[in-house]
Amino acid sequence: MRLVWMIGLLFTTSVEAKTAEEAEYDRLVSEMTQLSKSQTWSAVNKRFLEMEKLGLEIAAAEWLLAAQAAQGVGDMYSAKERVTAALLLKEKKSTRKWYNQLNTEYGQVTLIAKSKGNRTLTRVDMSMDPIQGQAVTYAQDLLSKKGEFKGLLPVGDYDFGGQKFSVKADMDIHLEISPKLRRKLTGE
């Protein structure tokens, strides 16, 4: 009987030793895992952003789950940052392969539209890959809402407000379309 009481006391002490932040971290991990099963990536991403605010060290597994969430919503830049963070904590062959894939299949792009009429982005050679399609949709949504996109797009040919350009893995693209340039390009 006394042994059971001592074990109970030890268990209670170790549970109480967890800080509020650590308990919140565990809750968020649990929610992220549950939400990922139904591929509710925007909700997983939201929980991860909450987790980052806790200021605790994030485990490699959570970085990878967060990378999967970013990829699921089309934010390939955040996906790459998170895969990189996971690699720094724990080198794994599958994680390295994912990192290399992001490096070879995507290029850094900054697109700025000065007016609403210039905010159209289309991929000329649309891929059948749904992940790449989601990355293009993510960029289109940001351009539509904010007039600006800075991130990763799949390698390929694009049209941005009448300006054609090609994304390559080893090159950064920066395009800014103003109403004056658009008139010049379209002959209006």
# chains A, B, ... in the order shown; residues from 1 in each chain; ligands from 1
>>> residues_around(residues="A:Tyr138", least_positions_apart="2", cutoff="8 Å", atoms="only C-alpha atoms", output="MDAnalysis selection string")
chainID A and resid 73:75 134:136 140:142
>>> residues_around(residues="stretch 27-32 of chain A", least_positions_apart="5", cutoff="10 Å", atoms="only C-alpha atoms", output="count of residues only")
20
>>> residues_around(residues="stretch 119-129 of chain A", least_positions_apart="4", cutoff="8 Å", atoms="only C-alpha atoms", output="list in words")
Ala113, Ser115, Gly133, Val136, Ala139, Gln140, Leu143, Ser144, Gly147, Gly156, Asp157, Tyr158, Asp159, Phe160 and Gly161 of chain A
>>> closest_residue(among="A:Ala79, A:Ile177, A:Leu56, A:Ala20", to="A:Gly117", atoms="only C-alpha atoms")
A:Ile177
>>> residues_around(residues="A:Asp170", least_positions_apart="4", cutoff="9 Å", atoms="only C-alpha atoms", output="PyMOL selection string")
chain A and resi 103-104+106-108
>>> select_by_dssp(residues="stretch 18-151 of chain A", states="strand (DSSP E or B)", output="list in words")
Tyr106, Gly107, Gln108, Val109, Thr110, Leu111, Ile112, Ala113, Leu121, Thr122, Arg123, Glu148, Phe149, Lys150 and Gly151 of chain A
>>> select_by_dssp(residues="stretch 89-139 of chain A", states="alpha helix (DSSP H)", output="number ranges by chain")
A: 89, 93-105, 130-139
>>> closest_residue(among="A:Lys80, A:Ala86, A:Thr33, A:Lys114", to="A:Tyr99", atoms="only C-alpha atoms")
A:Lys80
>>> atom_distance(atom1="atom CA of A:Phe149", atom2="atom CA of A:Glu176")
10.4 Å
>>> atom_distance(atom1="atom CA of A:Gly72", atom2="atom CA of A:Ala60")
18.2 Å
>>> closest_residue(among="A:Ala70, A:Ala169, A:Leu35, A:Leu175", to="A:Asn100", atoms="only C-alpha atoms")
A:Ala169
>>> atom_distance(atom1="atom CA of A:Ile112", atom2="atom CA of A:Ala67")
25.4 Å
